[in-house]
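Peer 1: As input, take my_file_26.csv (CSV, C-alpha atoms):
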chain,number,residue,atom,x,y,z
F,1,MET,CA,-64.9,-0.8,-102.3
F,2,VAL,CA,-63.0,1.1,-99.7
F,3,ASP,CA,-63.7,0.7,-96.0
F,4,VAL,CA,-64.4,4.4,-95.3
F,5,GLU,CA,-64.9,7.3,-97.7
F,6,VAL,CA,-64.6,10.8,-96.4
F,7,ILE,CA,-67.1,13.2,-98.1
F,8,ASP,CA,-65.8,16.7,-98.4
F,9,ASP,CA,-68.2,18.1,-100.9
F,10,SER,CA,-71.2,19.9,-99.3
F,11,ALA,CA,-73.7,18.8,-101.9
F,12,ALA,CA,-72.6,15.2,-101.7
F,13,ALA,CA,-72.9,15.4,-97.9
F,14,VAL,CA,-76.4,16.7,-98.1
F,15,VAL,CA,-77.3,13.8,-100.4
F,16,ALA,CA,-75.7,11.2,-98.3
F,17,MET,CA,-77.4,12.4,-95.1
F,18,ASP,CA,-80.9,12.1,-96.4
F,19,PRO,CA,-82.4,9.2,-94.4
F,20,ILE,CA,-83.7,7.3,-97.4
F,21,ARG,CA,-80.4,7.7,-99.3
F,22,ALA,CA,-78.4,6.8,-96.3
F,23,ARG,CA,-80.5,3.6,-96.0
F,24,LEU,CA,-79.9,2.8,-99.7
F,25,LEU,CA,-76.1,3.3,-99.2
F,26,ALA,CA,-76.1,0.9,-96.3
F,27,GLU,CA,-78.1,-1.7,-98.4
F,28,LEU,CA,-75.6,-1.3,-101.2
F,29,ALA,CA,-72.6,-2.6,-99.2
F,30,GLU,CA,-73.4,-5.6,-101.5
F,31,PRO,CA,-74.4,-5.0,-105.1
F,32,ALA,CA,-78.1,-4.9,-105.7
F,33,SER,CA,-80.6,-3.8,-108.4
F,34,ALA,CA,-83.2,-1.0,-108.0
F,35,ALA,CA,-86.0,-3.7,-107.9
F,36,ALA,CA,-84.3,-5.6,-105.1
F,37,LEU,CA,-83.8,-2.4,-103.1
F,38,ALA,CA,-87.4,-1.3,-103.6
F,39,SER,CA,-88.6,-4.5,-102.0
F,40,ARG,CA,-86.2,-4.2,-99.1
F,41,VAL,CA,-86.9,-0.6,-98.2
F,42,GLY,CA,-90.6,-0.6,-99.0
F,43,LEU,CA,-90.5,2.1,-101.7
F,44,ALA,CA,-91.7,2.2,-105.3
F,45,ARG,CA,-89.1,1.2,-107.8
F,46,GLN,CA,-89.4,4.6,-109.5
F,47,LYS,CA,-88.6,6.4,-106.3
F,48,VAL,CA,-85.7,4.2,-105.6
F,49,ASN,CA,-84.3,4.8,-109.1
F,50,TYR,CA,-84.6,8.6,-108.5
F,51,HIS,CA,-82.6,8.3,-105.3
F,52,LEU,CA,-80.0,6.0,-106.9
F,53,ARG,CA,-79.5,8.4,-109.8
F,54,THR,CA,-78.9,11.2,-107.3
F,55,LEU,CA,-76.4,9.1,-105.3
F,56,GLU,CA,-74.6,8.1,-108.5
F,57,ALA,CA,-74.4,11.7,-109.8
F,58,HIS,CA,-72.5,12.6,-106.6
F,59,GLY,CA,-70.1,9.6,-106.8
F,60,LEU,CA,-71.5,7.7,-103.9
F,61,VAL,CA,-72.9,4.8,-105.9
F,62,ARG,CA,-71.6,3.1,-109.1
F,63,ALA,CA,-72.7,0.5,-111.5
F,64,VAL,CA,-70.8,-2.8,-111.1
F,65,ASP,CA,-72.7,-5.2,-113.4
F,66,GLU,CA,-75.6,-5.6,-115.8
F,67,ARG,CA,-78.1,-8.5,-115.9
F,68,ARG,CA,-80.5,-9.3,-118.7
F,69,TRP,CA,-84.0,-10.5,-118.0
F,70,GLY,CA,-85.8,-11.2,-121.3
F,71,GLY,CA,-85.7,-8.0,-123.2
F,72,LEU,CA,-84.8,-5.9,-120.1
F,73,THR,CA,-81.4,-4.9,-118.8
F,74,GLU,CA,-81.1,-4.5,-115.0
F,75,ARG,CA,-78.1,-2.6,-113.6
F,76,MET,CA,-76.4,-3.8,-110.5
F,77,LEU,CA,-75.2,-1.0,-108.2
F,78,ALA,CA,-72.9,-0.8,-105.2
F,79,ALA,CA,-71.9,1.9,-102.8
F,80,THR,CA,-68.4,3.2,-103.3
F,81,ALA,CA,-67.5,2.5,-99.7
F,82,ALA,CA,-68.6,0.3,-96.8
F,83,SER,CA,-69.2,3.4,-94.7
F,84,TYR,CA,-69.0,7.2,-95.0
F,85,MET,CA,-67.9,10.2,-92.9
F,86,VAL,CA,-68.5,13.8,-93.6
F,87,SER,CA,-65.4,16.0,-93.6
F,88,PRO,CA,-65.4,19.4,-91.9
F,89,ASN,CA,-64.6,20.7,-95.4
F,90,ALA,CA,-68.2,20.2,-96.3
F,91,LEU,CA,-69.1,23.0,-93.9
F,92,GLY,CA,-66.8,25.5,-95.5
F,93,ALA,CA,-66.0,28.5,-93.3
F,94,ALA,CA,-68.2,27.2,-90.5
F,95,ALA,CA,-66.0,24.1,-90.1
F,96,THR,CA,-64.3,23.6,-86.7
F,97,ASP,CA,-60.6,24.6,-86.6
F,98,PRO,CA,-58.2,23.9,-83.7
F,99,ALA,CA,-56.6,27.3,-84.4
F,100,ARG,CA,-59.9,29.0,-83.3
F,101,THR,CA,-60.1,27.2,-80.0
F,102,ALA,CA,-58.3,29.0,-77.2
F,103,ASP,CA,-58.7,26.5,-74.4
F,104,ARG,CA,-56.4,23.5,-75.3
F,105,LEU,CA,-57.7,21.6,-72.4
F,106,SER,CA,-61.3,21.7,-73.5
F,107,ALA,CA,-63.4,19.0,-75.1
F,108,GLY,CA,-64.0,21.5,-78.0
F,109,TYR,CA,-60.3,21.5,-78.8
F,110,LEU,CA,-60.2,17.7,-78.9
F,111,VAL,CA,-63.1,17.6,-81.2
F,112,ALA,CA,-61.4,20.2,-83.4
F,113,LEU,CA,-58.3,18.1,-83.6
F,114,ALA,CA,-60.3,15.0,-84.5
F,115,ALA,CA,-62.1,17.0,-87.2
F,116,ARG,CA,-58.8,18.2,-88.6
F,117,MET,CA,-57.5,14.6,-88.7
F,118,VAL,CA,-60.6,13.5,-90.7
F,119,ARG,CA,-60.1,16.4,-93.1
F,120,GLU,CA,-56.3,15.9,-93.6
F,121,VAL,CA,-56.3,12.1,-93.8
F,122,GLY,CA,-59.4,12.0,-96.0
F,123,ALA,CA,-57.6,14.2,-98.6
F,124,LEU,CA,-54.4,12.2,-98.3
F,125,VAL,CA,-56.3,8.9,-98.9
F,126,ARG,CA,-57.9,10.3,-102.1
F,127,ARG,CA,-54.5,11.3,-103.4
F,128,ALA,CA,-52.9,8.0,-102.5
F,129,ASP,CA,-55.7,6.1,-104.1
F,130,ALA,CA,-55.4,8.1,-107.3
F,131,ALA,CA,-51.7,7.5,-107.4
F,132,GLY,CA,-52.1,3.8,-106.6
F,133,LYS,CA,-50.1,4.1,-103.4
F,134,ARG,CA,-50.6,3.1,-99.8
F,135,LEU,CA,-50.7,5.8,-97.3
F,136,PRO,CA,-48.2,5.4,-94.4
F,137,ILE,CA,-50.4,5.5,-91.3
F,138,LEU,CA,-49.8,4.6,-87.6
F,139,SER,CA,-52.8,4.2,-85.3
F,140,LEU,CA,-52.9,3.3,-81.6
F,141,ASP,CA,-56.1,2.6,-79.6
F,142,ALA,CA,-56.1,1.5,-76.0
F,143,GLU,CA,-58.3,1.7,-72.9
F,144,VAL,CA,-57.0,2.4,-69.4
F,145,ARG,CA,-58.9,2.5,-66.2
F,146,PHE,CA,-57.4,4.8,-63.6
F,147,ARG,CA,-57.8,4.2,-59.9
F,148,SER,CA,-57.9,7.9,-59.1
F,149,ALA,CA,-57.8,11.4,-60.5
F,150,ALA,CA,-54.2,11.7,-59.1
F,151,GLU,CA,-53.1,8.6,-61.1
F,152,ARG,CA,-54.8,10.0,-64.2
F,153,ALA,CA,-52.8,13.2,-63.8
F,154,ALA,CA,-49.5,11.3,-63.2
F,155,PHE,CA,-50.2,9.2,-66.3
F,156,ALA,CA,-50.7,12.4,-68.4
F,157,ASP,CA,-47.5,13.9,-67.1
F,158,GLU,CA,-45.5,10.7,-67.9
F,159,LEU,CA,-47.1,10.3,-71.3
F,160,ALA,CA,-46.3,13.9,-72.2
F,161,SER,CA,-42.7,13.5,-71.1
F,162,SER,CA,-42.4,10.2,-73.1
F,163,VAL,CA,-43.8,11.7,-76.3
F,164,THR,CA,-41.7,14.8,-76.0
F,165,ALA,CA,-38.6,12.7,-75.6
F,166,LEU,CA,-39.5,10.6,-78.7
F,167,VAL,CA,-40.2,13.6,-80.8
F,168,SER,CA,-36.9,15.2,-79.8
F,169,ARG,CA,-35.1,11.9,-80.7
F,170,TYR,CA,-36.5,11.4,-84.1
F,171,HIS,CA,-37.4,14.9,-85.4
F,172,ASP,CA,-34.9,16.3,-87.9
F,173,GLU,CA,-35.8,19.7,-89.3
F,174,SER,CA,-33.0,19.6,-91.9
F,175,ALA,CA,-33.3,15.9,-93.1
F,176,PRO,CA,-33.1,15.8,-96.9
F,177,GLY,CA,-36.2,14.2,-98.3
F,178,GLY,CA,-37.8,14.0,-94.9
F,179,ARG,CA,-41.6,14.3,-94.6
F,180,ARG,CA,-43.5,15.9,-91.7
F,181,HIS,CA,-46.0,13.8,-89.9
F,182,ARG,CA,-48.7,15.0,-87.5
F,183,LEU,CA,-48.9,13.2,-84.1
F,184,VAL,CA,-52.0,13.6,-82.0
F,185,VAL,CA,-52.4,11.9,-78.6
F,186,ALA,CA,-55.8,12.1,-76.9
F,187,ALA,CA,-57.6,10.7,-74.0
F,188,HIS,CA,-61.2,11.0,-73.0
F,189,PRO,CA,-63.7,9.2,-70.8
F,190,LEU,CA,-65.6,6.4,-72.5
F,191,PRO,CA,-69.4,7.0,-73.1
F,192,ASP,CA,-71.8,5.5,-70.6
F,193,ASP,CA,-72.7,2.6,-72.9
F,194,HIS,CA,-69.1,1.4,-72.7
F,195,ARG,CA,-69.0,1.5,-68.9
F,196,GLU,CA,-68.0,-1.7,-67.2
F,197,PRO,CA,-70.5,-3.0,-64.7
F,198,ASP,CA,-69.7,-2.3,-61.1
F,199,PRO,CA,-69.4,-5.6,-59.2
F,200,GLU,CA,-71.7,-4.1,-56.5
F,201,GLU,CA,-74.4,-3.4,-59.2
F,202,THR,CA,-74.3,-7.0,-60.6
F,203,PRO,CA,-77.4,-9.0,-59.5
Please express what this file holds, its structure, as structure tokens.

Peer 2:
Amino acid sequence: MVDVEVIDDSAAAVVAMDPIRARLLAELAEPASAAALASRVGLARQKVNYHLRTLEAHGLVRAVDERRWGGLTERMLAATAASYMVSPNALGAAATDPARTADRLSAGYLVALAARMVREVGALVRRADAAGKRLPILSLDAEVRFRSAAERAAFADELASSVTALVSRYHDESAPGGRRHRLVVAAHPLPDDHREPDPEETP
């Protein structure tokens, strides 16, 4: 089972986003039978079997084992991934595209960049898995709390200068056998549920 599977087929995306099927996918992070799932989610076994067949037909669930109980054979099923994400490819022509966003300082442009990353990396992961290879990936994640808007602007200028210098140092347009990589650097405010408590607000 992979950690994250990116769904780029629109029909599979519709199937996965159905509330009941999404619940079954979550339950199938560990192998289970239709009978066990039916008792967990409070549905008739026949209905659970219907949803499982639909998930299996779209490659989101697979059989991992069989158990015999008397004269009956019970299939054990598992989700193909621990979690799922829908690629912009599933939306076809309506998918967001950085090239269609004029304001490069807007939140919309950042969302479009993130969507493109999901689309590109999702496709690369599938190809790497099929070839039995590991995809060379670099990820950085950090939080910074600025004292003021002026310091945030200064940080942005310094970061841009540093990245530009690094790219200039390592980029070689004519390198034989070289492979292009996409570098995306982003910063955004944390959502309210991540906000640190203000000392003055602490009882």

Peer 1: Find the spatial neighbours of Met117 (chain F), counting all atoms listed in the file, within a cut-off of 9 Å - ignore same-chain residues fewer than 5 positions away - and output them as number ranges by chain.

Peer 2: F: 112, 122, 182, 184

Peer 1: Tell me, in Å to one decimal, how far CA of Ala11 (chain F) is from CA of Arg100 (chain F).

Peer 2: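 Taking CA of Ala11 (chain F) and CA of Arg100 (chain F), their separation equals 25.3 Å.
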
Peer 1: Which of these residues is nearest to Thr80 (chain F), using only C-alpha atoms: F:Val14, F:Val121, F:Ala150, F:Val61?

Peer 2: F:Val61

Peer 1: Measuring between only C-alpha atoms, which one of F:Ala114, F:Ala90, F:Ala34, F:Ile20 shows the shortest distance to Thr73 (chain F)?

Peer 2: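 Of F:Ala114, F:Ala90, F:Ala34, F:Ile20, the one nearest Thr73 (chain F), counting only C-alpha atoms, is F:Ala34.
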
Peer 1: Please measure the separation of CA of Leu135 (chain F) and CA of Leu25 (chain F), giving the value in Å to one decimal.

Peer 2: 25.6 Å

Peer 1: Between CA of Ala57 (chain F) and CA of Arg134 (chain F), what is the distance in Å, rounded to a tenth?

Peer 2: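 Going from CA of Ala57 (chain F) over to CA of Arg134 (chain F) covers 27.2 Å.
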
Peer 1: Could you give me, as a tab-separated table (two decimals) with C-alpha atoms, in the frame of the given file, the residues that have an atom at most 12 Å away from the point (-42.4, 10.6, -85.4) in the coordinates of the file, using all atoms listed in the file?

Peer 2:
chain	number	residue	atom	x	y	z
F	136	PRO	CA	-48.20	5.40	-94.40
F	137	ILE	CA	-50.40	5.50	-91.30
F	138	LEU	CA	-49.80	4.60	-87.60
F	163	VAL	CA	-43.80	11.70	-76.30
F	164	THR	CA	-41.70	14.80	-76.00
F	165	ALA	CA	-38.60	12.70	-75.60
F	166	LEU	CA	-39.50	10.60	-78.70
F	167	VAL	CA	-40.20	13.60	-80.80
F	168	SER	CA	-36.90	15.20	-79.80
F	169	ARG	CA	-35.10	11.90	-80.70
F	170	TYR	CA	-36.50	11.40	-84.10
F	171	HIS	CA	-37.40	14.90	-85.40
F	172	ASP	CA	-34.90	16.30	-87.90
F	173	GLU	CA	-35.80	19.70	-89.30
F	178	GLY	CA	-37.80	14.00	-94.90
F	179	ARG	CA	-41.60	14.30	-94.60
F	180	ARG	CA	-43.50	15.90	-91.70
F	181	HIS	CA	-46.00	13.80	-89.90
F	182	ARG	CA	-48.70	15.00	-87.50
F	183	LEU	CA	-48.90	13.20	-84.10
F	184	VAL	CA	-52.00	13.60	-82.00

Peer 1: Which residues are close to Arg75 (chain F), i.e. within 7 Å by all atoms listed in the file, leaving aside same-chain residues fewer than 3 positions away? Reply as a list in words.

Peer 2: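 My reading of the contact set: Ser33, Ala63, Asp65, Glu66 and Arg67 of chain F.
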
Peer 1: So that I have them on file, write out the residues from the current selection with C-alpha atoms, as an mmCIF file, keeping the file's coordinate frame.

Peer 2:
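Output contents, as saved in result.cif:
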data_model
loop_
_atom_site.group_PDB
_atom_site.id
_atom_site.type_symbol
_atom_site.label_atom_id
_atom_site.label_comp_id
_atom_site.auth_asym_id
_atom_site.auth_seq_id
_atom_site.Cartn_x
_atom_site.Cartn_y
_atom_site.Cartn_z
ATOM 1 C CA SER F 33 -80.600 -3.800 -108.400
ATOM 2 C CA ALA F 63 -72.700 0.500 -111.500
ATOM 3 C CA ASP F 65 -72.700 -5.200 -113.400
ATOM 4 C CA GLU F 66 -75.600 -5.600 -115.800
ATOM 5 C CA ARG F 67 -78.100 -8.500 -115.900
#

Peer 1: Could you check the closest approach to Ala81 (chain F) for each of F:Met17, F:Val185, F:Leu52, F:Met1 and tell me which residue wins, using all atoms listed in the file?

Peer 2: F:Met1

Peer 1: Extract, using all atoms listed in the file, all DNA, RNA and protein residues at most 9 Å from region 4-8 of chain F, discarding same-chain residues fewer than 3 positions from it, and format them as an mmCIF file with C-alpha atoms, keeping the file's coordinate frame.

Peer 2:
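Once everything was written out, this is selection05.cif:
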data_model
loop_
_atom_site.group_PDB
_atom_site.id
_atom_site.type_symbol
_atom_site.label_atom_id
_atom_site.label_comp_id
_atom_site.auth_asym_id
_atom_site.auth_seq_id
_atom_site.Cartn_x
_atom_site.Cartn_y
_atom_site.Cartn_z
ATOM 1 C CA MET F 1 -64.900 -0.800 -102.300
ATOM 2 C CA ALA F 11 -73.700 18.800 -101.900
ATOM 3 C CA ALA F 12 -72.600 15.200 -101.700
ATOM 4 C CA ALA F 13 -72.900 15.400 -97.900
ATOM 5 C CA ALA F 16 -75.700 11.200 -98.300
ATOM 6 C CA THR F 80 -68.400 3.200 -103.300
ATOM 7 C CA ALA F 81 -67.500 2.500 -99.700
ATOM 8 C CA ALA F 82 -68.600 0.300 -96.800
ATOM 9 C CA SER F 83 -69.200 3.400 -94.700
ATOM 10 C CA TYR F 84 -69.000 7.200 -95.000
ATOM 11 C CA MET F 85 -67.900 10.200 -92.900
ATOM 12 C CA VAL F 86 -68.500 13.800 -93.600
ATOM 13 C CA SER F 87 -65.400 16.000 -93.600
ATOM 14 C CA PRO F 88 -65.400 19.400 -91.900
ATOM 15 C CA ASN F 89 -64.600 20.700 -95.400
ATOM 16 C CA ALA F 90 -68.200 20.200 -96.300
ATOM 17 C CA LEU F 91 -69.100 23.000 -93.900
ATOM 18 C CA VAL F 118 -60.600 13.500 -90.700
ATOM 19 C CA ARG F 119 -60.100 16.400 -93.100
ATOM 20 C CA VAL F 121 -56.300 12.100 -93.800
ATOM 21 C CA GLY F 122 -59.400 12.000 -96.000
ATOM 22 C CA ALA F 123 -57.600 14.200 -98.600
ATOM 23 C CA VAL F 125 -56.300 8.900 -98.900
ATOM 24 C CA ARG F 126 -57.900 10.300 -102.100
#

Peer 1: Of the candidates F:Ala149, F:Tyr109, F:Ala29, F:Arg23, which shows the shortest atom-to-atom distance to Asp3 (chain F), using all atoms listed in the file?

Peer 2: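 Among the listed residues, the smallest separation from Asp3 (chain F) belongs to F:Ala29.
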
Peer 1: When you count only C-alpha atoms, which of these residues is closest to Leu55 (chain F): F:Ala35, F:Leu24, F:Ala130, F:Leu72?

Peer 2: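 Answer, going by the shortest atom-to-atom distance: F:Leu24.
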
Peer 1: Could you work out an axis-aligned box for region 42-60 of chain F, taking every atom the file lists and adding 5 Å on each side, and report centre and edge lengths in Å to one decimal, as AutoDock Vina command-line options?

Peer 2:
--center_x -80.9 --center_y 6.0 --center_z -104.4 --size_x 31.6 --size_y 23.2 --size_z 20.8

Peer 1: So that I can check the surroundings of Leu28 (chain F), please list as a list in words every protein, DNA and RNA residue that reaches within 8 Å of it, counting all atoms listed in the file and ignoring chain neighbours fewer than 4 positions away.

Peer 2: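 In the requested form, the answer reads Leu24, Ala32, Leu77, Ala78 and Ala79 of chain F.
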
Peer 1: Hey, which of F:Leu159, F:Ala187, F:Ala175, F:Leu105 ends up closest to Glu143 (chain F)? Count all atoms listed in the file.

Peer 2: F:Ala187
